[in-house]
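**Q** Take a look at my_file.cif, mmCIF, C-alpha atoms:
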```cif
data_final
#
loop_
_atom_site.group_PDB
_atom_site.id
_atom_site.type_symbol
_atom_site.label_atom_id
_atom_site.label_comp_id
_atom_site.auth_asym_id
_atom_site.auth_seq_id
_atom_site.Cartn_x
_atom_site.Cartn_y
_atom_site.Cartn_z
ATOM 1 C CA MET E 1 98.767 127.278 85.552
ATOM 2 C CA LEU E 2 95.314 125.982 86.546
ATOM 3 C CA LYS E 3 93.952 126.973 83.144
ATOM 4 C CA ALA E 4 96.756 125.038 81.450
ATOM 5 C CA PHE E 5 95.933 121.859 83.404
ATOM 6 C CA VAL E 6 92.201 122.232 82.703
ATOM 7 C CA GLN E 7 93.036 122.449 79.001
ATOM 8 C CA ALA E 8 95.398 119.456 79.303
ATOM 9 C CA ALA E 9 92.578 117.476 80.963
ATOM 10 C CA ARG E 10 90.675 117.836 77.670
ATOM 11 C CA LEU E 11 87.229 117.886 79.226
ATOM 12 C CA ARG E 12 85.661 117.629 75.761
ATOM 13 C CA THR E 13 86.702 113.955 75.738
ATOM 14 C CA LEU E 14 84.607 113.146 78.817
ATOM 15 C CA PRO E 15 81.234 112.499 77.112
ATOM 16 C CA LEU E 16 82.771 109.660 75.102
ATOM 17 C CA SER E 17 84.405 108.058 78.145
ATOM 18 C CA LEU E 18 81.178 108.321 80.168
ATOM 19 C CA SER E 19 79.030 106.721 77.453
ATOM 20 C CA GLY E 20 79.791 103.139 78.520
ATOM 21 C CA ILE E 21 79.024 103.817 82.202
ATOM 22 C CA ILE E 22 75.768 105.544 81.311
ATOM 23 C CA LEU E 23 74.668 102.682 79.069
ATOM 24 C CA GLY E 24 75.618 100.022 81.632
ATOM 25 C CA SER E 25 73.717 101.945 84.318
ATOM 26 C CA PHE E 26 70.589 102.130 82.166
ATOM 27 C CA LEU E 27 70.740 98.397 81.452
ATOM 28 C CA ALA E 28 71.055 97.689 85.175
ATOM 29 C CA ALA E 29 68.125 100.038 85.884
ATOM 30 C CA GLU E 30 66.064 98.022 83.415
ATOM 31 C CA GLN E 31 66.708 95.037 85.715
ATOM 32 C CA GLY E 32 65.736 97.073 88.792
ATOM 33 C CA ALA E 33 69.295 97.102 90.176
ATOM 34 C CA PHE E 34 70.267 100.786 89.791
ATOM 35 C CA GLN E 35 71.864 102.688 92.715
ATOM 36 C CA TRP E 36 72.633 106.411 92.584
ATOM 37 C CA ASP E 37 75.676 106.226 94.873
ATOM 38 C CA LEU E 38 77.315 103.583 92.666
ATOM 39 C CA CYS E 39 76.437 105.537 89.531
ATOM 40 C CA ILE E 40 78.007 108.782 90.796
ATOM 41 C CA LEU E 41 81.171 107.045 91.979
ATOM 42 C CA ALA E 42 81.452 105.089 88.717
ATOM 43 C CA LEU E 43 81.162 108.316 86.729
ATOM 44 C CA PHE E 44 83.816 110.053 88.838
ATOM 45 C CA THR E 45 86.099 107.028 88.548
ATOM 46 C CA THR E 46 85.754 107.095 84.769
ATOM 47 C CA ILE E 47 86.405 110.833 84.688
ATOM 48 C CA GLY E 48 89.561 110.218 86.719
ATOM 49 C CA PHE E 49 90.784 107.525 84.324
ATOM 50 C CA GLN E 50 90.068 109.729 81.304
ATOM 51 C CA VAL E 51 91.864 112.768 82.745
ATOM 52 C CA LEU E 52 94.759 110.504 83.742
ATOM 53 C CA SER E 53 94.919 109.167 80.189
ATOM 54 C CA ASN E 54 94.864 112.691 78.754
ATOM 55 C CA PHE E 55 97.639 113.862 81.080
ATOM 56 C CA ALA E 56 99.725 110.774 80.261
ATOM 57 C CA ASN E 57 99.106 111.277 76.542
ATOM 58 C CA ASP E 58 100.183 114.911 76.817
ATOM 59 C CA TYR E 59 103.332 113.888 78.690
ATOM 60 C CA GLY E 60 104.219 110.887 76.514
ATOM 61 C CA ASP E 61 103.744 112.642 73.184
ATOM 62 C CA GLY E 62 105.380 115.777 74.564
ATOM 63 C CA VAL E 63 108.640 114.234 75.740
ATOM 64 C CA LYS E 64 108.866 112.049 72.620
ATOM 65 C CA GLY E 65 108.452 115.073 70.362
ATOM 66 C CA THR E 66 105.316 113.715 68.696
ATOM 67 C CA ASP E 67 103.429 116.903 69.556
ATOM 68 C CA ASN E 68 105.129 119.420 67.287
ATOM 69 C CA HIS E 69 104.322 122.094 64.701
ATOM 70 C CA GLU E 70 102.930 119.441 62.317
ATOM 71 C CA ARG E 71 100.148 118.416 64.700
ATOM 72 C CA ILE E 72 96.643 119.440 63.545
ATOM 73 C CA GLY E 73 94.644 119.306 66.809
ATOM 74 C CA PRO E 74 94.611 121.659 69.805
ATOM 75 C CA GLU E 75 98.017 122.532 71.245
ATOM 76 C CA ARG E 76 98.986 120.374 74.232
ATOM 77 C CA GLY E 77 100.350 121.484 77.619
ATOM 78 C CA LEU E 78 103.951 120.333 77.168
ATOM 79 C CA GLN E 79 103.918 121.296 73.513
ATOM 80 C CA SER E 80 103.018 124.905 74.352
ATOM 81 C CA GLY E 81 105.466 125.117 77.262
ATOM 82 C CA ALA E 82 102.680 126.070 79.691
ATOM 83 C CA ILE E 83 103.371 122.888 81.709
ATOM 84 C CA SER E 84 106.800 121.395 82.359
ATOM 85 C CA PRO E 85 107.415 117.628 82.154
ATOM 86 C CA ALA E 86 107.999 117.494 85.922
ATOM 87 C CA GLN E 87 104.732 119.300 86.640
ATOM 88 C CA MET E 88 102.783 116.996 84.338
ATOM 89 C CA LEU E 89 104.385 113.928 85.887
ATOM 90 C CA ASN E 90 103.278 115.117 89.339
ATOM 91 C CA ALA E 91 99.770 115.708 88.011
ATOM 92 C CA ILE E 92 99.722 112.158 86.639
ATOM 93 C CA LYS E 93 100.714 110.716 90.026
ATOM 94 C CA ILE E 94 98.116 112.773 91.916
ATOM 95 C CA THR E 95 95.345 111.950 89.442
ATOM 96 C CA ALA E 96 96.180 108.238 89.539
ATOM 97 C CA GLY E 97 96.123 108.231 93.347
ATOM 98 C CA LEU E 98 92.812 110.107 93.657
ATOM 99 C CA THR E 99 91.171 107.953 91.003
ATOM 100 C CA LEU E 100 92.215 104.748 92.754
ATOM 101 C CA VAL E 101 90.795 106.030 96.041
ATOM 102 C CA ILE E 102 87.442 106.728 94.377
ATOM 103 C CA ALA E 103 87.556 103.346 92.641
ATOM 104 C CA LEU E 104 88.241 101.584 95.948
ATOM 105 C CA LEU E 105 85.240 103.305 97.545
ATOM 106 C CA LEU E 106 83.104 102.334 94.557
ATOM 107 C CA ILE E 107 83.938 98.635 94.613
ATOM 108 C CA TYR E 108 83.674 98.490 98.413
ATOM 109 C CA LEU E 109 80.160 99.965 98.308
ATOM 110 C CA ALA E 110 79.259 97.612 95.468
ATOM 111 C CA PHE E 111 80.550 94.397 97.021
ATOM 112 C CA GLY E 112 81.187 95.160 100.706
ATOM 113 C CA GLN E 113 82.657 92.340 102.738
ATOM 114 C CA SER E 114 80.415 89.633 101.315
ATOM 115 C CA HIS E 115 81.963 89.454 97.833
ATOM 116 C CA TRP E 116 85.726 89.688 98.346
ATOM 117 C CA ASN E 117 86.381 87.755 95.153
ATOM 118 C CA TYR E 118 84.540 90.432 93.159
ATOM 119 C CA PHE E 119 86.269 93.153 95.175
ATOM 120 C CA LEU E 120 89.693 91.788 94.275
ATOM 121 C CA LEU E 121 88.695 91.291 90.635
ATOM 122 C CA PHE E 122 87.573 94.900 90.242
ATOM 123 C CA LEU E 123 90.603 96.142 92.159
ATOM 124 C CA ALA E 124 92.774 94.347 89.601
ATOM 125 C CA LEU E 125 90.711 95.875 86.783
ATOM 126 C CA GLY E 126 91.187 99.306 88.340
ATOM 127 C CA LEU E 127 94.954 98.880 88.503
ATOM 128 C CA LEU E 128 94.919 97.561 84.939
ATOM 129 C CA SER E 129 92.980 100.646 83.836
ATOM 130 C CA VAL E 130 95.573 102.929 85.442
ATOM 131 C CA GLY E 131 98.344 101.018 83.707
ATOM 132 C CA ALA E 132 96.546 101.162 80.357
ATOM 133 C CA ALA E 133 95.955 104.909 80.681
ATOM 134 C CA ILE E 134 99.631 105.546 81.388
ATOM 135 C CA LYS E 135 101.180 103.072 78.946
ATOM 136 C CA TYR E 136 99.275 104.396 75.941
ATOM 137 C CA THR E 137 102.049 106.871 75.140
ATOM 138 C CA MET E 138 104.411 106.736 78.136
ATOM 139 C CA GLY E 139 107.386 104.465 78.736
ATOM 140 C CA LYS E 140 109.773 102.612 76.450
ATOM 141 C CA ASN E 141 107.208 100.566 74.524
ATOM 142 C CA PRO E 142 103.873 102.435 74.611
ATOM 143 C CA TYR E 143 101.160 100.428 72.898
ATOM 144 C CA GLY E 144 99.761 103.559 71.246
ATOM 145 C CA TYR E 145 102.974 103.743 69.226
ATOM 146 C CA SER E 146 102.614 100.141 68.039
ATOM 147 C CA GLY E 147 99.105 100.214 66.591
ATOM 148 C CA PHE E 148 97.287 98.589 69.528
ATOM 149 C CA GLY E 149 95.430 101.678 70.728
ATOM 150 C CA ASP E 150 92.237 100.652 68.936
ATOM 151 C CA VAL E 151 92.095 97.318 70.761
ATOM 152 C CA PHE E 152 92.520 98.907 74.180
ATOM 153 C CA VAL E 153 89.944 101.616 73.464
ATOM 154 C CA PHE E 154 87.447 98.979 72.330
ATOM 155 C CA LEU E 155 88.023 96.863 75.442
ATOM 156 C CA PHE E 156 88.134 99.631 78.067
ATOM 157 C CA PHE E 157 85.582 102.101 76.638
ATOM 158 C CA GLY E 158 83.263 99.346 75.445
ATOM 159 C CA TRP E 159 83.322 95.981 77.144
ATOM 160 C CA LEU E 160 84.850 96.970 80.479
ATOM 161 C CA ALA E 161 82.820 100.164 80.873
ATOM 162 C CA VAL E 162 79.429 98.656 79.983
ATOM 163 C CA LEU E 163 79.828 95.129 81.347
ATOM 164 C CA GLY E 164 81.769 96.339 84.385
ATOM 165 C CA SER E 165 79.226 98.974 85.409
ATOM 166 C CA TYR E 166 76.365 96.540 84.759
ATOM 167 C CA PHE E 167 78.038 93.964 87.018
ATOM 168 C CA LEU E 168 78.619 96.518 89.793
ATOM 169 C CA TYR E 169 74.860 96.948 90.104
ATOM 170 C CA THR E 170 73.522 93.484 89.326
ATOM 171 C CA LYS E 171 76.388 91.186 90.459
ATOM 172 C CA THR E 172 75.592 89.121 87.372
ATOM 173 C CA PHE E 173 77.020 88.735 83.872
ATOM 174 C CA SER E 174 74.800 88.765 80.794
ATOM 175 C CA TRP E 175 76.079 87.652 77.402
ATOM 176 C CA SER E 176 73.454 89.768 75.656
ATOM 177 C CA VAL E 177 74.940 92.940 77.166
ATOM 178 C CA LEU E 178 78.015 92.262 75.049
ATOM 179 C CA LEU E 179 76.084 93.578 72.041
ATOM 180 C CA PRO E 180 75.517 97.181 73.229
ATOM 181 C CA ALA E 181 78.946 97.076 74.896
ATOM 182 C CA THR E 182 80.400 96.174 71.503
ATOM 183 C CA SER E 183 78.548 99.094 69.902
ATOM 184 C CA ILE E 184 80.066 101.559 72.377
ATOM 185 C CA GLY E 185 83.513 99.981 71.948
ATOM 186 C CA LEU E 186 83.360 100.161 68.155
ATOM 187 C CA LEU E 187 82.149 103.770 68.144
ATOM 188 C CA SER E 188 84.915 104.716 70.582
ATOM 189 C CA ALA E 189 87.496 102.984 68.399
ATOM 190 C CA GLY E 190 86.039 104.994 65.536
ATOM 191 C CA VAL E 191 86.804 108.233 67.376
ATOM 192 C CA LEU E 192 90.404 107.129 67.909
ATOM 193 C CA ASN E 193 90.714 106.046 64.280
ATOM 194 C CA LEU E 194 89.431 109.440 63.160
ATOM 195 C CA ASN E 195 91.972 111.147 65.411
ATOM 196 C CA ASN E 196 94.745 108.970 63.983
ATOM 197 C CA MET E 197 93.649 109.646 60.407
ATOM 198 C CA ARG E 198 93.891 113.363 61.102
ATOM 199 C CA ASP E 199 97.373 112.973 62.608
ATOM 200 C CA ARG E 200 98.673 110.305 60.209
ATOM 201 C CA ILE E 201 101.422 112.387 58.629
ATOM 202 C CA SER E 202 102.749 113.958 61.840
ATOM 203 C CA ASP E 203 102.539 110.605 63.653
ATOM 204 C CA ALA E 204 104.475 108.834 60.891
ATOM 205 C CA ASN E 205 107.172 111.513 60.924
ATOM 206 C CA ALA E 206 107.458 111.188 64.718
ATOM 207 C CA GLY E 207 107.652 107.363 64.668
ATOM 208 C CA LYS E 208 104.193 106.863 66.188
ATOM 209 C CA ASN E 209 103.026 103.781 64.290
ATOM 210 C CA THR E 210 99.289 103.892 64.848
ATOM 211 C CA LEU E 211 97.080 101.470 62.954
ATOM 212 C CA VAL E 212 96.351 104.238 60.444
ATOM 213 C CA VAL E 213 100.069 104.775 59.824
ATOM 214 C CA LYS E 214 100.449 101.038 59.245
ATOM 215 C CA ILE E 215 97.529 100.521 56.857
ATOM 216 C CA GLY E 216 97.426 103.927 55.158
ATOM 217 C CA GLU E 217 94.688 106.520 54.810
ATOM 218 C CA GLU E 218 92.595 104.697 52.191
ATOM 219 C CA PHE E 219 92.277 101.459 54.182
ATOM 220 C CA ALA E 220 91.799 103.477 57.383
ATOM 221 C CA LYS E 221 88.671 104.954 55.822
ATOM 222 C CA TYR E 222 87.296 101.509 54.998
ATOM 223 C CA TYR E 223 88.155 100.387 58.525
ATOM 224 C CA HIS E 224 86.247 103.430 59.809
ATOM 225 C CA TYR E 225 83.160 102.487 57.808
ATOM 226 C CA TYR E 226 83.279 98.912 59.126
ATOM 227 C CA LEU E 227 83.597 100.067 62.757
ATOM 228 C CA LEU E 228 80.544 102.335 62.697
ATOM 229 C CA ILE E 229 78.363 100.053 60.574
ATOM 230 C CA ALA E 230 79.191 97.068 62.813
ATOM 231 C CA ALA E 231 78.263 99.190 65.847
ATOM 232 C CA PHE E 232 74.895 99.888 64.221
ATOM 233 C CA PHE E 233 74.149 96.212 63.573
ATOM 234 C CA ALA E 234 75.242 95.122 67.067
ATOM 235 C CA ALA E 235 72.796 97.593 68.623
ATOM 236 C CA LEU E 236 70.087 96.600 66.140
ATOM 237 C CA LEU E 237 70.550 92.926 67.002
ATOM 238 C CA TYR E 238 70.202 93.627 70.727
ATOM 239 C CA GLY E 239 67.075 95.692 70.090
ATOM 240 C CA SER E 240 65.517 92.878 68.080
ATOM 241 C CA THR E 241 65.841 90.497 71.050
ATOM 242 C CA GLY E 242 63.689 92.685 73.306
ATOM 243 C CA ALA E 243 59.953 92.891 73.766
ATOM 244 C CA GLY E 244 59.495 94.458 70.360
ATOM 245 C CA LYS E 245 58.484 97.897 71.660
ATOM 246 C CA PRO E 246 59.165 100.728 69.184
ATOM 247 C CA THR E 247 60.992 102.677 71.916
ATOM 248 C CA GLU E 248 63.689 99.985 72.003
ATOM 249 C CA PHE E 249 64.889 101.391 68.687
ATOM 250 C CA LEU E 250 65.024 105.000 69.892
ATOM 251 C CA PHE E 251 68.818 104.787 69.540
ATOM 252 C CA LEU E 252 68.421 104.850 65.742
ATOM 253 C CA ILE E 253 68.091 108.641 66.026
ATOM 254 C CA ALA E 254 71.740 108.811 67.150
ATOM 255 C CA PHE E 255 72.840 107.021 63.998
ATOM 256 C CA ILE E 256 71.471 109.777 61.764
ATOM 257 C CA PRO E 257 74.431 112.105 62.538
ATOM 258 C CA ILE E 258 76.742 109.073 62.520
ATOM 259 C CA PHE E 259 75.793 108.129 58.946
ATOM 260 C CA ILE E 260 76.045 111.797 57.913
ATOM 261 C CA HIS E 261 79.519 111.700 59.450
ATOM 262 C CA LEU E 262 80.378 108.624 57.365
ATOM 263 C CA HIS E 263 79.364 110.480 54.222
ATOM 264 C CA THR E 264 81.595 113.401 55.244
ATOM 265 C CA VAL E 265 84.539 111.045 55.780
ATOM 266 C CA TYR E 266 83.893 109.479 52.372
ATOM 267 C CA LYS E 267 83.849 112.859 50.607
ATOM 268 C CA THR E 268 86.876 114.331 52.412
ATOM 269 C CA LYS E 269 90.048 113.754 50.405
ATOM 270 C CA ASP E 270 92.468 115.148 52.990
ATOM 271 C CA ALA E 271 92.001 113.440 56.380
ATOM 272 C CA ARG E 272 93.660 116.397 58.120
ATOM 273 C CA LEU E 273 90.416 118.294 57.485
ATOM 274 C CA LEU E 274 88.409 115.805 59.590
ATOM 275 C CA ASP E 275 89.225 117.423 62.941
ATOM 276 C CA PRO E 276 85.676 118.896 63.398
ATOM 277 C CA GLU E 277 84.238 115.394 62.935
ATOM 278 C CA LEU E 278 85.892 114.154 66.136
ATOM 279 C CA LYS E 279 83.524 116.131 68.348
ATOM 280 C CA LYS E 280 80.506 115.145 66.249
ATOM 281 C CA LEU E 281 81.240 111.411 66.477
ATOM 282 C CA ALA E 282 82.043 111.552 70.202
ATOM 283 C CA LEU E 283 78.808 113.421 70.987
ATOM 284 C CA SER E 284 76.823 111.074 68.726
ATOM 285 C CA THR E 285 78.191 108.141 70.752
ATOM 286 C CA PHE E 286 77.118 109.887 73.960
ATOM 287 C CA LEU E 287 73.666 110.490 72.448
ATOM 288 C CA PHE E 288 73.478 106.831 71.415
ATOM 289 C CA ALA E 289 74.158 105.697 75.014
ATOM 290 C CA ILE E 290 71.448 107.965 76.414
ATOM 291 C CA LEU E 291 68.806 107.160 73.787
ATOM 292 C CA PHE E 292 69.563 103.431 73.984
ATOM 293 C CA GLY E 293 69.083 103.522 77.744
ATOM 294 C CA ILE E 294 65.935 105.656 77.678
ATOM 295 C CA GLY E 295 64.481 103.428 74.992
ATOM 296 C CA ARG E 296 64.913 100.393 77.237
ATOM 297 C CA MET E 297 63.282 102.152 80.183
ATOM 298 C CA LEU E 298 60.158 103.437 78.381
#
```
Using the file provided, produce a representation of the structure as structure tokens.

**A**
Amino acid sequence: MLKAFVQAARLRTLPLSLSGIILGSFLAAEQGAFQWDLCILALFTTIGFQVLSNFANDYGDGVKGTDNHERIGPERGLQSGAISPAQMLNAIKITAGLTLVIALLLIYLAFGQSHWNYFLLFLALGLLSVGAAIKYTMGKNPYGYSGFGDVFVFLFFGWLAVLGSYFLYTKTFSWSVLLPATSIGLLSAGVLNLNNMRDRISDANAGKNTLVVKIGEEFAKYYHYYLLIAAFFAALLYGSTGAGKPTEFLFLIAFIPIFIHLHTVYKTKDARLLDPELKKLALSTFLFAILFGIGRML
């Protein structure tokens, strides 16, 4: 049973979800505001939200019948029968509760009793994150079934993760940080789009109207190109506003596998064969966050 839940947690998705926190932490460190205790708690909070989202996705797609024999990716917990709907629902409740406890400790350490307005704001954001993780595929009108998954991934993996973590350390907002936050958000949306391209046929048959199902495979490919190229230019623009040190463009190394990935997507005629590219793009995003941060610190 434990093995089944570990598989349902889909730990391979964690590097992508942690990318925004890592980048925001590096940007705060550049300003001399980094704190290890906040960083560790922020990472664990993000892990909790990601595992919660994966459990909810497994449950939502499982009970709706979306995960069936047509699905290309790894077999899910409910789909395989290793986990019952009741067991997964309990896991969702426990994960949500533990994650909120960690999040509460994080925002209390960040703001204490002197910034209750910030405390309440981040508490609301935490509750919103829980709701977003659950409502992606669960409930009567899950937004993942209506083509809005890309927007939520962009906002939560990009803007909220980078800007939110940066604010936890610095207690300030910087408009310029929107640029690298946008890069992370666009790359993360690219991972989701790739996943939805792979699953387009099975999703359409199951009534899961992702953006790819709505616009078709050909336009989804163009959309994919735009996402990753826009992410590149957003990061490039932020780098050009710095001190002009060559190390500020260290992140360009991460875009080498990303552009190779784009070429692979262009050449691949059947999107169902793109499953191996998911891991490559997710890890390239993680590499981008690390190299971007190191480049700012050198």

**Q** What do you get, as a count of residues only, if you spell out every residue that the PyMOL selection byres ((chain E and resi 294) around 12) selects here?

**A** 25

**Q** Identify, on the basis of only C-alpha atoms, every residue whose closest approach to Asp150 (chain E) does not exceed 8 Å; exclude the query and any residue fewer than 5 positions from it along the same chain; express the result as number ranges by chain.

**A** E: 189, 192-193, 211

**Q** Could you please give me, as a PDB file with C-alpha atoms, in the frame of the given file, the residues of protein, DNA or RNA lying at most 9 Å from (79.9, 112.4, 68.7) in the coordinate frame of the file, considering all atoms listed in the file?

**A**
```
ATOM      1  CA  PRO E  15      81.234 112.499  77.112  1.00  0.00           C
ATOM      2  CA  LEU E  16      82.771 109.660  75.102  1.00  0.00           C
ATOM      3  CA  LEU E 187      82.149 103.770  68.144  1.00  0.00           C
ATOM      4  CA  VAL E 191      86.804 108.233  67.376  1.00  0.00           C
ATOM      5  CA  PRO E 257      74.431 112.105  62.538  1.00  0.00           C
ATOM      6  CA  ILE E 258      76.742 109.073  62.520  1.00  0.00           C
ATOM      7  CA  GLU E 277      84.238 115.394  62.935  1.00  0.00           C
ATOM      8  CA  LEU E 278      85.892 114.154  66.136  1.00  0.00           C
ATOM      9  CA  LYS E 279      83.524 116.131  68.348  1.00  0.00           C
ATOM     10  CA  LYS E 280      80.506 115.145  66.249  1.00  0.00           C
ATOM     11  CA  LEU E 281      81.240 111.411  66.477  1.00  0.00           C
ATOM     12  CA  ALA E 282      82.043 111.552  70.202  1.00  0.00           C
ATOM     13  CA  LEU E 283      78.808 113.421  70.987  1.00  0.00           C
ATOM     14  CA  SER E 284      76.823 111.074  68.726  1.00  0.00           C
ATOM     15  CA  THR E 285      78.191 108.141  70.752  1.00  0.00           C
ATOM     16  CA  PHE E 286      77.118 109.887  73.960  1.00  0.00           C
ATOM     17  CA  LEU E 287      73.666 110.490  72.448  1.00  0.00           C
ATOM     18  CA  PHE E 288      73.478 106.831  71.415  1.00  0.00           C
TER      19      PHE E 288
END
```

**Q** Would you work out the distance separating CA of Trp175 (chain E) from CA of Thr241 (chain E), expressed in Å to one decimal?

**A** 12.4 Å

**Q** Just to confirm, what's the straight-line distance from CA of Thr13 (chain E) to CA of Asp58 (chain E) in Å (one decimal)?

**A** 13.6 Å

**Q** Find the spatial neighbours of Ile21 (chain E), counting all atoms listed in the file, within a cut-off of 8 Å - ignore same-chain residues fewer than 3 positions away - and output them as a list of chain:residue names.

**A** E:Ser17, E:Leu18, E:Gly24, E:Ser25, E:Cys39, E:Ala42, E:Leu43, E:Thr46, E:Ala161, E:Val162, E:Ser165

**Q** Check what the PyMOL selection byres ((chain E and resi 88) around 9) selects in the file above and give those residues as a PyMOL selection string.

**A** chain E and resi 5+55-56+58-59+77-78+83-87+89-93

**Q** Deliver the residues from the most recent selection as a file, using C-alpha atoms, as a compact mmCIF listing (two decimals), keeping the file's coordinate frame.

**A**
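Now in selection.txt:
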```
# COMPACT_ATOMS: atom_id res chain seq x y z
CA PHE E 5 95.93 121.86 83.40
CA PHE E 55 97.64 113.86 81.08
CA ALA E 56 99.72 110.77 80.26
CA ASP E 58 100.18 114.91 76.82
CA TYR E 59 103.33 113.89 78.69
CA GLY E 77 100.35 121.48 77.62
CA LEU E 78 103.95 120.33 77.17
CA ILE E 83 103.37 122.89 81.71
CA SER E 84 106.80 121.40 82.36
CA PRO E 85 107.42 117.63 82.15
CA ALA E 86 108.00 117.49 85.92
CA GLN E 87 104.73 119.30 86.64
CA LEU E 89 104.38 113.93 85.89
CA ASN E 90 103.28 115.12 89.34
CA ALA E 91 99.77 115.71 88.01
CA ILE E 92 99.72 112.16 86.64
CA LYS E 93 100.71 110.72 90.03
```

**Q** Residues picked by the PyMOL selection byres ((chain E and resi 118-120) around 10) here, as a list in words?

**A**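 This file, filtered by the PyMOL selection byres ((chain E and resi 118-120) around 10), leaves Leu104, Leu106, Ile107, Tyr108, Leu109, Ala110, Phe111, Gly112, Gln113, Ser114, His115, Trp116, Asn117, Leu121, Phe122, Leu123, Ala124, Leu125, Gly126, Phe167, Leu168 and Lys171 of chain E.
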
**Q** For a quick check of understanding, using all atoms listed in the file, which of E:Ser202, E:Thr264, E:Asn54, E:Ser240 has the smallest distance to Lys221 (chain E)?

**A**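 Ranking E:Ser202, E:Thr264, E:Asn54, E:Ser240 by distance to Lys221 (chain E), first place goes to E:Thr264.
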
**Q** Kindly give the distance, in Å, that separates CA of Ile260 (chain E) and CA of Tyr226 (chain E), rounded to a single decimal.

**A**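 Between these atoms lies a distance of 14.8 Å.
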
**Q** Point out the residue among E:Phe34, E:Gly144, E:Ala103, E:Ile94 with the least atom-to-atom distance to Asn57 (chain E), counting all atoms listed in the file.

**A**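 Smallest separation from Asn57 (chain E) among the options: E:Gly144.
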
**Q** Which is closest to Arg198 (chain E) among E:Ile40, E:Asp275, E:Val213, E:Lys267, if we use all atoms listed in the file?

**A**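 Using all atoms listed in the file, the shortest distance to Arg198 (chain E) belongs to E:Asp275.
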
**Q** Write out as a PyMOL selection string the residues lying within 10 Å of Asp270 (chain E), counting only C-alpha atoms and excluding same-chain residues fewer than 5 positions away.

**A** chain E and resi 197-198+217+265

**Q** At most 12 Å from (84.1, 97.7, 71.5), file frame, only C-alpha atoms: which residues, as an MDAnalysis selection string?

**A** chainID E and resid 19:20 150:163 177:192 227:228 230:232 234:235

**Q** With all atoms listed in the file as the basis for distance, which of E:Pro276, E:Asn205, E:Phe148, E:Gly97 is at the shortest distance from Val130 (chain E)?

**A**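 Closest to Val130 (chain E) of all the choices is E:Gly97.
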